[in-house]
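S.K.: Here's a structure for you.
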Amino acid sequence: MLVVATAFAFSPALISEAFAFRLFGITLWGRDDESANDQVPDPVRYDVTLTTDSNDPDLKKALENSSRLVGDKDRPVSGDLGVVVKARDDRERLIAALFEKARYGGVVTIRVDGRDIDSLPPNPTFNRSRPVPVTISVAAGPVFKVHEVQFGGDAARRNPADYDLAPGETAGSLTIIKAGDKIVEQLKSEGRPLAKLTTRKVIADHRTNTVNIVLAAEGGPVAPIGDVGVRGEKNVRAGFIQRYSRLNRGEQYSPEALRKAGDRLRALGVFSSVTIHEADALAADGTLPMTIEVSEGKQRYLGIGAQYSTTDGFGVNGYWGHRNLFGEAEALRIEGSVGRLGETTNVGDLDYSAGIAFTKPGAFSPAATLRASILAKTENPDAYTAKLVTASLGLSYELSDVDTITGSGEVSWERDDDAFGTNSYLTVSLPFQYERDARDNKFDPTEGYRALLKATPSYETYNGTFFSSFEGSITGYHGLGAEDRVVLAGKLAAGVLVGADDLQNIPATRRFFAGGGGSVRGFGYQEISPRNANNEETGGASYVTASFETRVKITDTIGIVPFIDVGTVSADIAPDFSDVRAGAGIGIRYATPFGPLRLDFAVPLNKYEGGTNYGIYAGIGQSF
């Protein structure tokens with residue numbers, strides 16, 4: 001199965017004058033408007049060469065990344081003096097890069113047109129019949145180590161080893177700066193909002209290639225949060241902003257509380273920016289006043305999308321939404337789609353969906369979110385054809401920063417045509433879910449885990465059948481190396497249907513299937529299932545799936561991901577593992593600011609007779 005999806009939001013930023021089509025910073029066709037950057041007055045081009053006497057590849061890469069002369073080598077500067085100005089700025093940047101690598105004895109020499117930049121006249125002139133030659137020579141010098149560290153003031157009792165500053169450690173300038181910042185952060189976490197670094201002294205001894213460090217800090221008084229004001233709001237009520245931030249007067253101050261408040265407000269989707277300003281001094285009552293400054297984004301949005309599958313044909317979808325319906329970030333979204341276009345000539349065999357969803361954050365409590373929706377759709381996988389309408393009303397509550405519980409009520413009418421014939425169902429359900437999300441990043445995690453437990457007691461009214469589904473999954477991540485260039489990721493999921501003595505009494509969409517991009521790649525969507533005597537998929541009463549990936553960064557933006565998925569679906573509530581299916585493959589990842597773009601290719605290792613031969617899957621974010 002090949003799936004490629006694109007979506008466009010109609011806004012002035014996307015439909016303003018454009019001479020090229022650019023996606024994720026890449027010009028796909030047409031003339032790139034960024035060529036206007038080359039239209040500088042009195043343009044002068046140059047050739048640059050950077051060399052170093054060090055054999056350390058990481059150092060050379062750091063120097064190249066720090067050099068604007070190297071980074072902008074294809075762009076002209078303004079006038080002959082522009083080359084010199086850029087070269088002088090480069091020298092400072094390269095020295096800073098050497099200091100970050102603890103090379104305090106390094107020397108940077110830059111020559112423009114064969115002359116050292118310190119010997120050039122105030123208004124130099126160069127031969128412009130060819131690009132001006134620029135050479136950068138870096139004598140890296142030795143790596144300096146920590147000799148002695150002194151912590152003073154309110155930092156006096158701290159251990160330098162906790163800040164990577166133990167004697168003998170590499171004394172990089174960035175490590176020293178981070179140590180001072182960490183000390184201040186820790187003091188502020190004790191409820192001292194006015195904590196500051198009072199001394200940061202670094203003395204390099206070039207005879208011994210060592211560094212002596214002095215860091216001192218002043219914690220200041222313990223002060224709780226004071227009055228919280230709001231600035232910049234237009235259509236979102238200020239009282240809601242303050243309440244939803246959960247920055248309450250009298251509570252203990254902490255940088256973490258401020259960070260979480262900013263994250264909560266940004267997650268609402270109604271603000272283009274959120275900044276929390278702390279007062280420079282305490283109020284008369286000893287509290288710290290602060291102000292939440294927001295900038296509201298567009299409240300309404302409209303989008304269209306398209307996708308193509310080698311097995312399901314062409315599909316289109318569209319949506320309209322409002323992010324602030326009544327002034328407290330209430331969200332309304334209306335969407336619809338049509339699928340399997342070109343795959344079938346029968347209009348009744350197309351996939352349709354239409355739905356409306358309403359979300360009310362901060363309902364009853366700042367930690368609670370109310371959700372209501374109604375969805376009508378048809379599904380046409382190989383195993384069944386289903387037409388259904390589902391209405392739901394639910395409430396989620398944040399128990400903590402990582403723990404969320406959700407409870408809801410659902411009513412669903414469904415008509416199926418499957419291995420059991422044509423049947424109709426009217427099901428009332430009470431889903432309950434617990435989630436713990438301890439990942440370091442929701443779109444591209446490198447550490448942590450996510451666990452999910454869901455119970456859905458249900459009653460099918462036409463047949464008088466009580467049944468319940470219980471599902472659980474856990475994913476884990478572990479990065480290897482200082483920059484997490486390799487991440488090991490695993491997922492285990494399982495489910496069981498209780499009360500499913502006769503699967504015919506259970507709606508097809510509530511039985512278990514596996515296969516496709518969300519479970520066992522390489523197999524078709526919901527292809528993995530128990531089968532009857534006619535080799536028709538019936539769905540199962542239990543399942544187990546597992547996946548393992550090794551996510552390897554080749555560059556800062558490109559990665560490869562070899563993976564293997566396995567799964568089984570059984571007709572009984574206890575999986576018998578007599579028919580375990582496996583798929584394996586490799587994927588490509590392209591990093592973007594909103595998560596990696598994903599493209600996976602997989603083949604079934606033990607495919608069904610006449611079944612899917614391979615699958616290609618595309619999406620945004622990691623597969624799990």
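All residue names refer to the structure tokens as shown: chains lettered A, B, ... in order, residues numbered from 1 in each chain, ligands numbered from 1 in order.
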Just the residues within 10 Å of segment 545-553 of chain A, please, counting only C-alpha atoms, with nothing from its chain fewer than 6 positions along; format it as an MDAnalysis selection string.
M.R.: chainID A and resid 446 473:480 483:495 514:515 519:521 559:569 580:591 622:624
S.K.: Residues within 9 Å of Arg511 of chain A, please, as a list in words. Count only C-alpha atoms; anything in the same chain fewer than 6 positions from it doesn't count.
M.R.: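 The contact residues come out as Ser469, Leu497, Leu503, Thr538, Gly539, Gly540, Ala541 and Ser542 of chain A.
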S.K.: Smallest atom-to-atom distance to Asn248 of chain A: which of A:Pro366, A:Pro133, A:Gly472, A:Pro221, using only C-alpha atoms?
M.R.: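 Of the candidates, the smallest distance to Asn248 of chain A is held by A:Pro366.
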S.K.: Pick out the residues sitting within 9 Å of Gly286 of chain A, and hand them over as a PyMOL selection string; count only C-alpha atoms, and ignore anything fewer than 6 positions along from it in its own chain.
M.R.: chain A and resi 221-224+226
S.K.: Rounded to one decimal in Å, what is the spacing between atom CA of Phe466 of chain A and atom CA of Gly499 of chain A?
M.R.: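 Separation between atom CA of Phe466 of chain A and atom CA of Gly499 of chain A: 6.3 Å.
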S.K.: Can you tell me which residues surround segment 376-392 of chain A at a distance of at most 6 Å, considering only C-alpha atoms, apart from same-chain residues fewer than 2 positions away, and format the answer as an NGL selection string?
M.R.: :A and (351-354 or 372-374 or 409-418 or 537)
S.K.: Where in segment 324-492 of chain A does DSSP assign strand (DSSP E), given as number ranges by chain?
M.R.: A: 331-341, 351-361, 368-379, 385-398, 403-418, 421-429, 432-437, 447-460, 465-480, 486-492
S.K.: Quick one: everything within 6 Å of segment 254-268 of chain A, counting only C-alpha atoms, minus sequence neighbours fewer than 4 positions away in the same chain. Send it as a list of chain:residue names.
M.R.: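 With the cut-off at 6 Å, the set is A:Ser189, A:Gly191, A:Ser245.
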S.K.: Select from segment 112-349 of chain A everything DSSP, run on the backbone, classes as helix (DSSP H, G or I), then give the selection as JSON, numbers by chain.
M.R.: {"A": [117, 118, 119, 160, 161, 162, 163, 173, 174, 175, 176, 177, 178, 179, 180, 181, 182, 183, 184, 185, 186, 187, 188, 189, 238, 239, 240, 241, 242, 243, 244, 245, 255, 256, 257, 258, 259, 260, 261, 262, 263, 264, 265, 266, 267, 347, 348, 349]}
S.K.: Take atom CA of Tyr614 of chain A and atom CA of Asn317 of chain A and report the distance between them in Å, one decimal.
M.R.: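 Between atom CA of Tyr614 of chain A and atom CA of Asn317 of chain A the gap is 25.5 Å.
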